[in-house]
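Peer 1: Quick one: structure below, then a few questions.
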Amino acid sequence: MAHGPSSSFKNPVVNWLDQRLPIFTMIQKEYGVFPTPRNFNYFWNFGAIAMIMLVTMIVSGIVLAMHYTPNTNLAFNSVERIMRDVNFGWLIRYIHMNGASFFFIAVYIHIFRGLYYGSYKKPRELLWMIGVVIFLLMMATAFMGYVLPWGQMSFWGATVITNLFSALPLVGQDIVTLLWGGFSVDNPTLNRFFALHYLLPFVIAAVVFLHVAALHITGSNNPLGVEPKGPQDTLPFHPYYTVKDSFGTVVYLAIFAAFVFYAPNFFGEPDNYIQANPMVTPPHIVPEWYFLPYYAILRSITFDISIPFTGLKLIEAKLGGVIAMFGSIAILFVLPWLDTSPVRSARFRPIFKKGILAFLVAFFLLMYVGAQTADAAWHLGGLEIPLVYVGQFATLVYFGFFLSLPFVGLIEKPLPLPASIAKPVLGGGATAAGAAAKPMEKA
Amino acid sequence: MADTTQTAGHGPGSGSHSGGDPTRRDFIYLAAAATGVVGAAVTAWPFIDSLNPAADTLALASTDVDLTPVQVGQSITVTWRGKPVFIRHRTPEEIKSAVDVNVSELRDPQTDASRAKKPEWLIVVGICTHLGCIPLGQKNSDPRGEYGGWFCPCHGSVYDTSGRIRKGPAPRNLEVPSYAFKTDTSIRIG
């Protein structure tokens, strides 16, 4: 544009800047007066909290990178040096270690919020899909970061996960060699993982920018899942949600700090304080807790998929596990089109509400199963239930939840929706809201 | 872009190609785009290939092993390309149990003779073909599974005295590296 918009900030310096680059106007529009639904609950804090965690990870990570050496002979000792000799190195590393866990906690709650309140539905499909991209990038970043200390779990986690790609037909082994830069996880692997682990957070930051930009086109969803119908339904973002987000963030960071100072290794594996040894596999390889559900899905596919009656193997168990594991994330991309119900919030969807709670239970069950050894079993009285069956059942529930959504949308009779956000918020209570409700056009 | 289903023809180069015959200009667009794609691929290849094993990594690709000190029934582990290689000096009983197997019943059918150049020496890469863990069984005190070979603690794969998969999730037998006997008691792997 030839001329910036005329701005009228009191401060002449701000005014001068803004006429040339309207950044203050933008901040005012997007974070000052930005109309935001007035009925957010605390679940809506977690986007901001995740953002704070990303910044925490980048800041602590850059400092760590100044002391870390990405070489198989030096990496483990350089991390120990950070812990013992570098000023406040112990603090910065514990912040980074636990920060990963708390980043994932925030993001998992953020995703669950989106699922429960139908935030993925029209017109927010793209916003949701960009979010799934961020989630995938986070997983890749976390995985590569965990390899860097070059402990036993680092090495064997990297070995198991990179070997997943060998399940691909024909090109699998070549892809694994390409990933490794050698014939096993070794120095070239560590070097490239460090380069990518440094790069990807900035890619995440860029995609987060797109995520927020898309959010500011559609506006936020809210716990009722009803679009704001006018100014009576919204509040300016500042001060109402800047304050609410700040409060939630401070509470969250207080819990985070408690772990950093009092239980810094709570989320870790003791085996990772043993230097990597390519000749000895630890008896029990477990990924970090945030990968456990997917690891359990991977291990649940213990059977080959064949064409019936021919004995022709279509998909080997190993490839089947890999497909199921990646499929469990990929299915999120098509979720906006799987869910056929026009009602967003689970508050008004009796069947969906039960489904998503079953999904949540299955998710935690998979997390539990993923942490156990492959041959573990539950003993109920005289009955022995191998955990692999429990994992298979939970995998079935996980995928069943998504794949049943088209049918749930057809048979479900939603509860009456409130006429607007303001109605139930400003009183009249549930009865008034119910009385004012329009009957749903469908069902 | 040009409609390639049209029969080839060349107008006077009017530049108008809205449904009409392909023009010279359409051809140039296509040729330029195709050259661009090929150029991009050629440029990308060095960057992708730089991630593949480097010359010094490949140079470490063979290992010499002296077998003289390995007693009957004993196993040793040597490193080859950063991976463990299991060398087992098999007892006559182990050889017998490896040979006396109905090969057609195996998941990955291979005879023992095709896996061991000399029956008393079994040489396999000590990496489980499931997800890359190192199976137990190199020490006599290790669990070796019910077929007397190796047992992978990660996901429970069981290998026999020929390194063949007998039970558990692994899809293939333990890999036999390429090796040659330089003398009766020394080998070169790789």
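Labeling convention for the structure tokens: chains A, B, ... as they appear, residues from 1 per chain, ligands from 1 in order of appearance.
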Once you count only C-alpha atoms, which residues of chain B turn out to be within 12 Å of chain A? Could you give them as a PyMOL selection string?
Peer 2: chain B and resi 47-61+76-86+107+125-136+138+151-157+167-172
Peer 1: If you keep N, CA and C atoms, can you produce a file of those selected residues as a compact mmCIF listing (two decimals), in the first residue's frame?
Peer 2:
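Wrote part06.txt, looks like this:
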```txt
# COMPACT_ATOMS: atom_id res chain seq x y z
N PHE B 47 21.72 -32.68 -2.18
CA PHE B 47 21.38 -32.41 -0.79
C PHE B 47 20.79 -33.65 -0.12
N ILE B 48 19.97 -34.39 -0.88
CA ILE B 48 19.38 -35.62 -0.32
C ILE B 48 20.48 -36.67 -0.15
N ASP B 49 21.29 -36.81 -1.21
CA ASP B 49 22.31 -37.87 -1.18
C ASP B 49 23.37 -37.59 -0.12
N SER B 50 23.58 -36.33 0.24
CA SER B 50 24.56 -36.01 1.28
C SER B 50 24.18 -36.65 2.61
N LEU B 51 22.90 -37.01 2.75
CA LEU B 51 22.46 -37.66 3.99
C LEU B 51 22.78 -39.14 3.99
N ASN B 52 23.10 -39.71 2.84
CA ASN B 52 23.45 -41.13 2.77
C ASN B 52 24.85 -41.36 3.35
N PRO B 53 25.21 -42.61 3.64
CA PRO B 53 26.51 -42.88 4.26
C PRO B 53 27.67 -42.26 3.47
N ALA B 54 28.56 -41.59 4.20
CA ALA B 54 29.69 -40.91 3.58
C ALA B 54 30.81 -41.90 3.28
N ALA B 55 31.81 -41.45 2.53
CA ALA B 55 32.87 -42.34 2.08
C ALA B 55 33.61 -42.98 3.26
N ASP B 56 33.87 -42.18 4.32
CA ASP B 56 34.59 -42.76 5.46
C ASP B 56 33.75 -43.78 6.21
N THR B 57 32.43 -43.54 6.22
CA THR B 57 31.53 -44.52 6.84
C THR B 57 31.56 -45.81 6.05
N LEU B 58 31.53 -45.69 4.72
CA LEU B 58 31.57 -46.88 3.87
C LEU B 58 32.92 -47.59 3.97
N ALA B 59 33.99 -46.79 4.21
CA ALA B 59 35.32 -47.38 4.26
C ALA B 59 35.48 -48.32 5.44
N LEU B 60 34.66 -48.09 6.48
CA LEU B 60 34.74 -48.96 7.66
C LEU B 60 33.86 -50.18 7.49
N ALA B 61 33.54 -50.51 6.23
CA ALA B 61 32.48 -51.46 6.02
C ALA B 61 32.90 -52.91 6.16
N ILE B 76 30.86 -65.26 20.30
CA ILE B 76 31.46 -63.94 20.48
C ILE B 76 30.64 -62.93 19.67
N THR B 77 30.76 -61.67 20.08
CA THR B 77 30.09 -60.59 19.39
C THR B 77 31.16 -59.64 18.87
N VAL B 78 31.15 -59.36 17.57
CA VAL B 78 32.08 -58.39 17.01
C VAL B 78 31.28 -57.25 16.40
N THR B 79 31.93 -56.11 16.22
CA THR B 79 31.25 -54.95 15.65
C THR B 79 31.56 -54.85 14.17
N TRP B 80 30.51 -54.68 13.40
CA TRP B 80 30.67 -54.52 11.96
C TRP B 80 29.69 -53.44 11.51
N ARG B 81 30.19 -52.39 10.95
CA ARG B 81 29.36 -51.25 10.53
C ARG B 81 28.52 -50.72 11.70
N GLY B 82 29.10 -50.71 12.89
CA GLY B 82 28.38 -50.20 14.06
C GLY B 82 27.32 -51.14 14.58
N LYS B 83 27.23 -52.32 13.97
CA LYS B 83 26.23 -53.27 14.42
C LYS B 83 26.93 -54.46 15.04
N PRO B 84 26.26 -55.15 16.00
CA PRO B 84 26.83 -56.37 16.55
C PRO B 84 26.66 -57.53 15.57
N VAL B 85 27.72 -58.33 15.42
CA VAL B 85 27.61 -59.56 14.64
C VAL B 85 27.85 -60.73 15.60
N PHE B 86 26.90 -61.66 15.61
CA PHE B 86 27.02 -62.83 16.47
C PHE B 86 27.78 -63.92 15.72
N ARG B 107 8.53 -69.37 9.14
CA ARG B 107 7.97 -68.11 8.68
C ARG B 107 8.80 -67.55 7.52
N VAL B 125 23.95 -61.19 11.81
CA VAL B 125 23.88 -59.85 12.39
C VAL B 125 22.97 -59.92 13.61
N GLY B 126 23.47 -59.45 14.74
CA GLY B 126 22.74 -59.61 16.00
C GLY B 126 21.72 -58.52 16.24
N ILE B 127 20.87 -58.31 15.24
CA ILE B 127 19.85 -57.28 15.38
C ILE B 127 18.52 -57.91 15.02
N CYS B 128 17.60 -57.83 15.97
CA CYS B 128 16.27 -58.42 15.76
C CYS B 128 15.63 -57.75 14.55
N THR B 129 15.05 -58.56 13.67
CA THR B 129 14.46 -58.01 12.45
C THR B 129 13.12 -57.34 12.70
N HIS B 130 12.69 -57.34 13.96
CA HIS B 130 11.44 -56.65 14.27
C HIS B 130 11.70 -55.15 14.32
N LEU B 131 12.27 -54.67 15.44
CA LEU B 131 12.50 -53.24 15.54
C LEU B 131 13.93 -52.91 15.97
N GLY B 132 14.86 -53.83 15.75
CA GLY B 132 16.26 -53.46 15.88
C GLY B 132 16.89 -53.63 17.25
N CYS B 133 16.25 -54.35 18.18
CA CYS B 133 16.89 -54.61 19.46
C CYS B 133 17.94 -55.71 19.28
N ILE B 134 18.79 -55.90 20.32
CA ILE B 134 19.80 -56.94 20.27
C ILE B 134 19.31 -58.13 21.08
N PRO B 135 19.10 -59.28 20.44
CA PRO B 135 18.58 -60.44 21.15
C PRO B 135 19.59 -60.96 22.18
N LEU B 136 19.10 -61.63 23.23
CA LEU B 136 19.93 -62.26 24.24
C LEU B 136 20.25 -63.69 23.79
N GLN B 138 23.94 -64.73 23.74
CA GLN B 138 25.37 -64.87 23.47
C GLN B 138 26.11 -65.53 24.62
N PHE B 151 16.86 -64.96 22.09
CA PHE B 151 15.56 -64.47 22.54
C PHE B 151 15.64 -62.95 22.62
N CYS B 152 14.72 -62.26 21.95
CA CYS B 152 14.73 -60.80 21.99
C CYS B 152 13.84 -60.31 23.12
N PRO B 153 14.39 -59.58 24.10
CA PRO B 153 13.60 -59.19 25.26
C PRO B 153 12.61 -58.08 24.97
N CYS B 154 12.79 -57.36 23.85
CA CYS B 154 11.93 -56.19 23.61
C CYS B 154 10.49 -56.61 23.32
N HIS B 155 10.31 -57.48 22.35
CA HIS B 155 8.96 -57.85 21.99
C HIS B 155 8.79 -59.36 21.86
N GLY B 156 9.75 -60.11 22.42
CA GLY B 156 9.57 -61.55 22.57
C GLY B 156 9.79 -62.41 21.35
N SER B 157 10.64 -62.00 20.40
CA SER B 157 10.92 -62.87 19.25
C SER B 157 11.91 -63.96 19.66
N LYS B 167 9.29 -67.72 16.60
CA LYS B 167 8.12 -67.26 17.36
C LYS B 167 8.24 -65.77 17.58
N GLY B 168 7.09 -65.09 17.75
CA GLY B 168 7.13 -63.68 18.07
C GLY B 168 6.94 -62.81 16.84
N PRO B 169 7.03 -61.48 17.00
CA PRO B 169 6.61 -60.56 15.95
C PRO B 169 7.60 -60.34 14.81
N ALA B 170 8.86 -60.77 14.94
CA ALA B 170 9.84 -60.45 13.90
C ALA B 170 9.46 -61.13 12.59
N PRO B 171 9.58 -60.40 11.47
CA PRO B 171 9.15 -60.97 10.19
C PRO B 171 10.18 -61.88 9.53
N ARG B 172 11.49 -61.67 9.79
CA ARG B 172 12.50 -62.39 9.02
C ARG B 172 13.54 -63.02 9.94
```
Peer 1: Using DSSP assignments from the backbone, pull out every residue in stretch 42-176 of chain B that falls under strand (DSSP E or B) and give it to me as a PDB file with N, CA and C atoms, in the first residue's frame.
Peer 2:
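Done, and the output landed in selection33.pdb:
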```pdb
ATOM      1  N   THR B  63      35.209 -56.009   8.390  1.00  0.00           N
ATOM      2  CA  THR B  63      35.852 -56.331   9.658  1.00  0.00           C
ATOM      3  C   THR B  63      36.491 -57.708   9.556  1.00  0.00           C
ATOM      4  N   ASP B  64      37.752 -57.835  10.031  1.00  0.00           N
ATOM      5  CA  ASP B  64      38.425 -59.139  10.056  1.00  0.00           C
ATOM      6  C   ASP B  64      38.317 -59.735  11.456  1.00  0.00           C
ATOM      7  N   VAL B  65      38.037 -61.027  11.520  1.00  0.00           N
ATOM      8  CA  VAL B  65      37.899 -61.689  12.816  1.00  0.00           C
ATOM      9  C   VAL B  65      38.728 -62.975  12.826  1.00  0.00           C
ATOM     10  N   ASP B  66      39.492 -63.149  13.901  1.00  0.00           N
ATOM     11  CA  ASP B  66      40.240 -64.393  14.115  1.00  0.00           C
ATOM     12  C   ASP B  66      39.394 -65.330  14.966  1.00  0.00           C
ATOM     13  N   SER B  75      30.196 -68.285  22.101  1.00  0.00           N
ATOM     14  CA  SER B  75      29.771 -67.261  21.139  1.00  0.00           C
ATOM     15  C   SER B  75      30.558 -65.989  21.373  1.00  0.00           C
ATOM     16  N   ILE B  76      30.855 -65.262  20.303  1.00  0.00           N
ATOM     17  CA  ILE B  76      31.455 -63.941  20.476  1.00  0.00           C
ATOM     18  C   ILE B  76      30.644 -62.928  19.675  1.00  0.00           C
ATOM     19  N   THR B  77      30.759 -61.675  20.084  1.00  0.00           N
ATOM     20  CA  THR B  77      30.091 -60.586  19.386  1.00  0.00           C
ATOM     21  C   THR B  77      31.157 -59.636  18.872  1.00  0.00           C
ATOM     22  N   VAL B  78      31.145 -59.359  17.570  1.00  0.00           N
ATOM     23  CA  VAL B  78      32.084 -58.386  17.011  1.00  0.00           C
ATOM     24  C   VAL B  78      31.284 -57.245  16.405  1.00  0.00           C
ATOM     25  N   THR B  79      31.927 -56.111  16.218  1.00  0.00           N
ATOM     26  CA  THR B  79      31.251 -54.946  15.655  1.00  0.00           C
ATOM     27  C   THR B  79      31.562 -54.848  14.170  1.00  0.00           C
ATOM     28  N   TRP B  80      30.510 -54.683  13.397  1.00  0.00           N
ATOM     29  CA  TRP B  80      30.673 -54.518  11.956  1.00  0.00           C
ATOM     30  C   TRP B  80      29.689 -53.442  11.510  1.00  0.00           C
ATOM     31  N   LYS B  83      27.232 -52.319  13.971  1.00  0.00           N
ATOM     32  CA  LYS B  83      26.233 -53.275  14.418  1.00  0.00           C
ATOM     33  C   LYS B  83      26.926 -54.462  15.042  1.00  0.00           C
ATOM     34  N   PRO B  84      26.262 -55.146  15.997  1.00  0.00           N
ATOM     35  CA  PRO B  84      26.831 -56.368  16.547  1.00  0.00           C
ATOM     36  C   PRO B  84      26.657 -57.534  15.569  1.00  0.00           C
ATOM     37  N   VAL B  85      27.719 -58.325  15.418  1.00  0.00           N
ATOM     38  CA  VAL B  85      27.605 -59.562  14.640  1.00  0.00           C
ATOM     39  C   VAL B  85      27.853 -60.725  15.598  1.00  0.00           C
ATOM     40  N   PHE B  86      26.901 -61.658  15.606  1.00  0.00           N
ATOM     41  CA  PHE B  86      27.016 -62.825  16.466  1.00  0.00           C
ATOM     42  C   PHE B  86      27.780 -63.919  15.720  1.00  0.00           C
ATOM     43  N   ILE B  87      28.838 -64.449  16.361  1.00  0.00           N
ATOM     44  CA  ILE B  87      29.547 -65.601  15.793  1.00  0.00           C
ATOM     45  C   ILE B  87      29.444 -66.721  16.801  1.00  0.00           C
ATOM     46  N   ARG B  88      28.794 -67.803  16.437  1.00  0.00           N
ATOM     47  CA  ARG B  88      28.624 -68.910  17.380  1.00  0.00           C
ATOM     48  C   ARG B  88      29.320 -70.159  16.842  1.00  0.00           C
ATOM     49  N   HIS B  89      30.203 -70.699  17.665  1.00  0.00           N
ATOM     50  CA  HIS B  89      30.852 -71.967  17.344  1.00  0.00           C
ATOM     51  C   HIS B  89      29.903 -73.068  17.801  1.00  0.00           C
ATOM     52  N   LYS B 118      30.224 -72.868   6.823  1.00  0.00           N
ATOM     53  CA  LYS B 118      30.729 -74.066   7.487  1.00  0.00           C
ATOM     54  C   LYS B 118      29.774 -74.348   8.631  1.00  0.00           C
ATOM     55  N   TRP B 121      30.271 -72.946  12.193  1.00  0.00           N
ATOM     56  CA  TRP B 121      30.295 -71.503  12.441  1.00  0.00           C
ATOM     57  C   TRP B 121      29.013 -70.866  11.927  1.00  0.00           C
ATOM     58  N   LEU B 122      28.219 -70.313  12.860  1.00  0.00           N
ATOM     59  CA  LEU B 122      27.054 -69.534  12.440  1.00  0.00           C
ATOM     60  C   LEU B 122      27.387 -68.056  12.631  1.00  0.00           C
ATOM     61  N   ILE B 123      27.225 -67.277  11.570  1.00  0.00           N
ATOM     62  CA  ILE B 123      27.564 -65.851  11.621  1.00  0.00           C
ATOM     63  C   ILE B 123      26.337 -65.061  11.170  1.00  0.00           C
ATOM     64  N   VAL B 124      25.761 -64.322  12.111  1.00  0.00           N
ATOM     65  CA  VAL B 124      24.553 -63.536  11.796  1.00  0.00           C
ATOM     66  C   VAL B 124      24.672 -62.147  12.414  1.00  0.00           C
ATOM     67  N   VAL B 125      23.951 -61.192  11.812  1.00  0.00           N
ATOM     68  CA  VAL B 125      23.880 -59.851  12.389  1.00  0.00           C
ATOM     69  C   VAL B 125      22.972 -59.918  13.607  1.00  0.00           C
ATOM     70  N   LEU B 136      19.097 -61.625  23.229  1.00  0.00           N
ATOM     71  CA  LEU B 136      19.931 -62.263  24.239  1.00  0.00           C
ATOM     72  C   LEU B 136      20.247 -63.689  23.794  1.00  0.00           C
ATOM     73  N   GLY B 148      16.747 -72.711  21.593  1.00  0.00           N
ATOM     74  CA  GLY B 148      18.173 -72.754  21.878  1.00  0.00           C
ATOM     75  C   GLY B 148      19.023 -71.748  21.130  1.00  0.00           C
ATOM     76  N   GLY B 149      18.385 -70.780  20.462  1.00  0.00           N
ATOM     77  CA  GLY B 149      19.162 -69.808  19.703  1.00  0.00           C
ATOM     78  C   GLY B 149      19.267 -68.496  20.451  1.00  0.00           C
ATOM     79  N   TRP B 150      18.373 -67.550  20.118  1.00  0.00           N
ATOM     80  CA  TRP B 150      18.374 -66.233  20.753  1.00  0.00           C
ATOM     81  C   TRP B 150      16.949 -65.847  21.107  1.00  0.00           C
ATOM     82  N   PHE B 151      16.858 -64.958  22.094  1.00  0.00           N
ATOM     83  CA  PHE B 151      15.560 -64.466  22.537  1.00  0.00           C
ATOM     84  C   PHE B 151      15.637 -62.948  22.615  1.00  0.00           C
ATOM     85  N   VAL B 158      11.696 -65.172  19.111  1.00  0.00           N
ATOM     86  CA  VAL B 158      12.532 -66.323  19.454  1.00  0.00           C
ATOM     87  C   VAL B 158      13.198 -66.836  18.170  1.00  0.00           C
ATOM     88  N   TYR B 159      14.522 -66.986  18.224  1.00  0.00           N
ATOM     89  CA  TYR B 159      15.278 -67.476  17.061  1.00  0.00           C
ATOM     90  C   TYR B 159      15.902 -68.824  17.398  1.00  0.00           C
ATOM     91  N   ASP B 160      16.097 -69.688  16.371  1.00  0.00           N
ATOM     92  CA  ASP B 160      16.658 -71.011  16.619  1.00  0.00           C
ATOM     93  C   ASP B 160      18.180 -70.986  16.450  1.00  0.00           C
ATOM     94  N   ILE B 165      13.785 -67.097  12.555  1.00  0.00           N
ATOM     95  CA  ILE B 165      12.683 -66.675  13.410  1.00  0.00           C
ATOM     96  C   ILE B 165      11.714 -67.842  13.597  1.00  0.00           C
ATOM     97  N   ARG B 166      11.389 -68.142  14.852  1.00  0.00           N
ATOM     98  CA  ARG B 166      10.479 -69.250  15.127  1.00  0.00           C
ATOM     99  C   ARG B 166       9.211 -68.797  15.832  1.00  0.00           C
ATOM    100  N   LYS B 167       9.294 -67.720  16.598  1.00  0.00           N
ATOM    101  CA  LYS B 167       8.120 -67.265  17.361  1.00  0.00           C
ATOM    102  C   LYS B 167       8.236 -65.768  17.582  1.00  0.00           C
TER     103      LYS B 167
END
```
Peer 1: Figure out the distance between atom CA of A:Ser78 and atom CA of A:Ile204, please, to one decimal in Å.
Peer 2: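 One can read the atom CA of A:Ile204 to atom CA of A:Ser78 distance as 26.7 Å.
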Peer 1: From the options B:Arg115, B:Lys139, B:Arg164, B:Arg144, which residue's atoms come nearest to B:Tyr179, counting only C-alpha atoms?
Peer 2: B:Arg115
Peer 1: Grab the atom CA of A:Trp150 to atom CA of A:Phe194 distance for me, in Å with one decimal place.
Peer 2: 11.2 Å
Peer 1: Need to verify the contact set: A:Phe259, 10 Å, only C-alpha atoms, exclusion of same-chain residues closer than 4 positions in sequence. Can you return it as a list in words?
Peer 2: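 My reading of the contact set: Tyr94, Ile95, Asn98, Gly99, Phe102, Leu253, Ala254, Ile255, Ala263, Pro264, Asn265, Phe266 and Phe267 of chain A.
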Peer 1: Take the residues from that selection and put them in a file with C-alpha atoms, as an mmCIF file, in the first residue's frame.
Peer 2:
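The resulting file, result.cif, is shown below:
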```cif
data_model
loop_
_atom_site.group_PDB
_atom_site.id
_atom_site.type_symbol
_atom_site.label_atom_id
_atom_site.label_comp_id
_atom_site.auth_asym_id
_atom_site.auth_seq_id
_atom_site.Cartn_x
_atom_site.Cartn_y
_atom_site.Cartn_z
ATOM 1 C CA TYR A 94 15.530 -29.353 33.854
ATOM 2 C CA ILE A 95 13.367 -26.549 32.449
ATOM 3 C CA ASN A 98 10.159 -30.904 31.900
ATOM 4 C CA GLY A 99 9.150 -28.144 29.523
ATOM 5 C CA PHE A 102 4.384 -29.590 30.029
ATOM 6 C CA LEU A 253 3.781 -22.391 35.409
ATOM 7 C CA ALA A 254 3.600 -22.813 39.189
ATOM 8 C CA ILE A 255 2.867 -26.528 38.711
ATOM 9 C CA ALA A 263 10.668 -33.806 40.853
ATOM 10 C CA PRO A 264 12.823 -32.993 37.828
ATOM 11 C CA ASN A 265 13.186 -36.614 36.754
ATOM 12 C CA PHE A 266 9.572 -37.610 37.332
ATOM 13 C CA PHE A 267 8.841 -37.849 33.598
#
```
Peer 1: List every residue of stretch 58-121 of chain B that DSSP, applied to the backbone of this structure, assigns to helix (DSSP H, G or I), and report them as a VMD selection string.
Peer 2: chain B and resid 58 to 59 92 to 99 103 to 105
Peer 1: Do you know which residues are at most 8 Å from stretch 61-76 of chain A counting only C-alpha atoms, after dropping those on the same chain fewer than 6 positions away, and could you put them as a list in words?
Peer 2: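 That gives Ile82, Gly89, Ile92, Arg93, His96, Leu148, Pro149, Trp150, Gly151, Asp186, Asn187, Leu190, Asn191, Phe194 and Gln275 of chain A.
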Peer 1: Of the candidates A:Val369, A:Met53, A:Leu332, A:Ala362, which one gets nearest to A:Gly114 if we count only C-alpha atoms?
Peer 2: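 Answer, going by the shortest atom-to-atom distance: A:Leu332.
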Peer 1: Could you check which of A:Trp378, A:Ile331, A:Gln152, A:Arg349 is closest to A:Ala276, using only C-alpha atoms?
Peer 2: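 For A:Ala276, the nearest of the given residues is A:Gln152.
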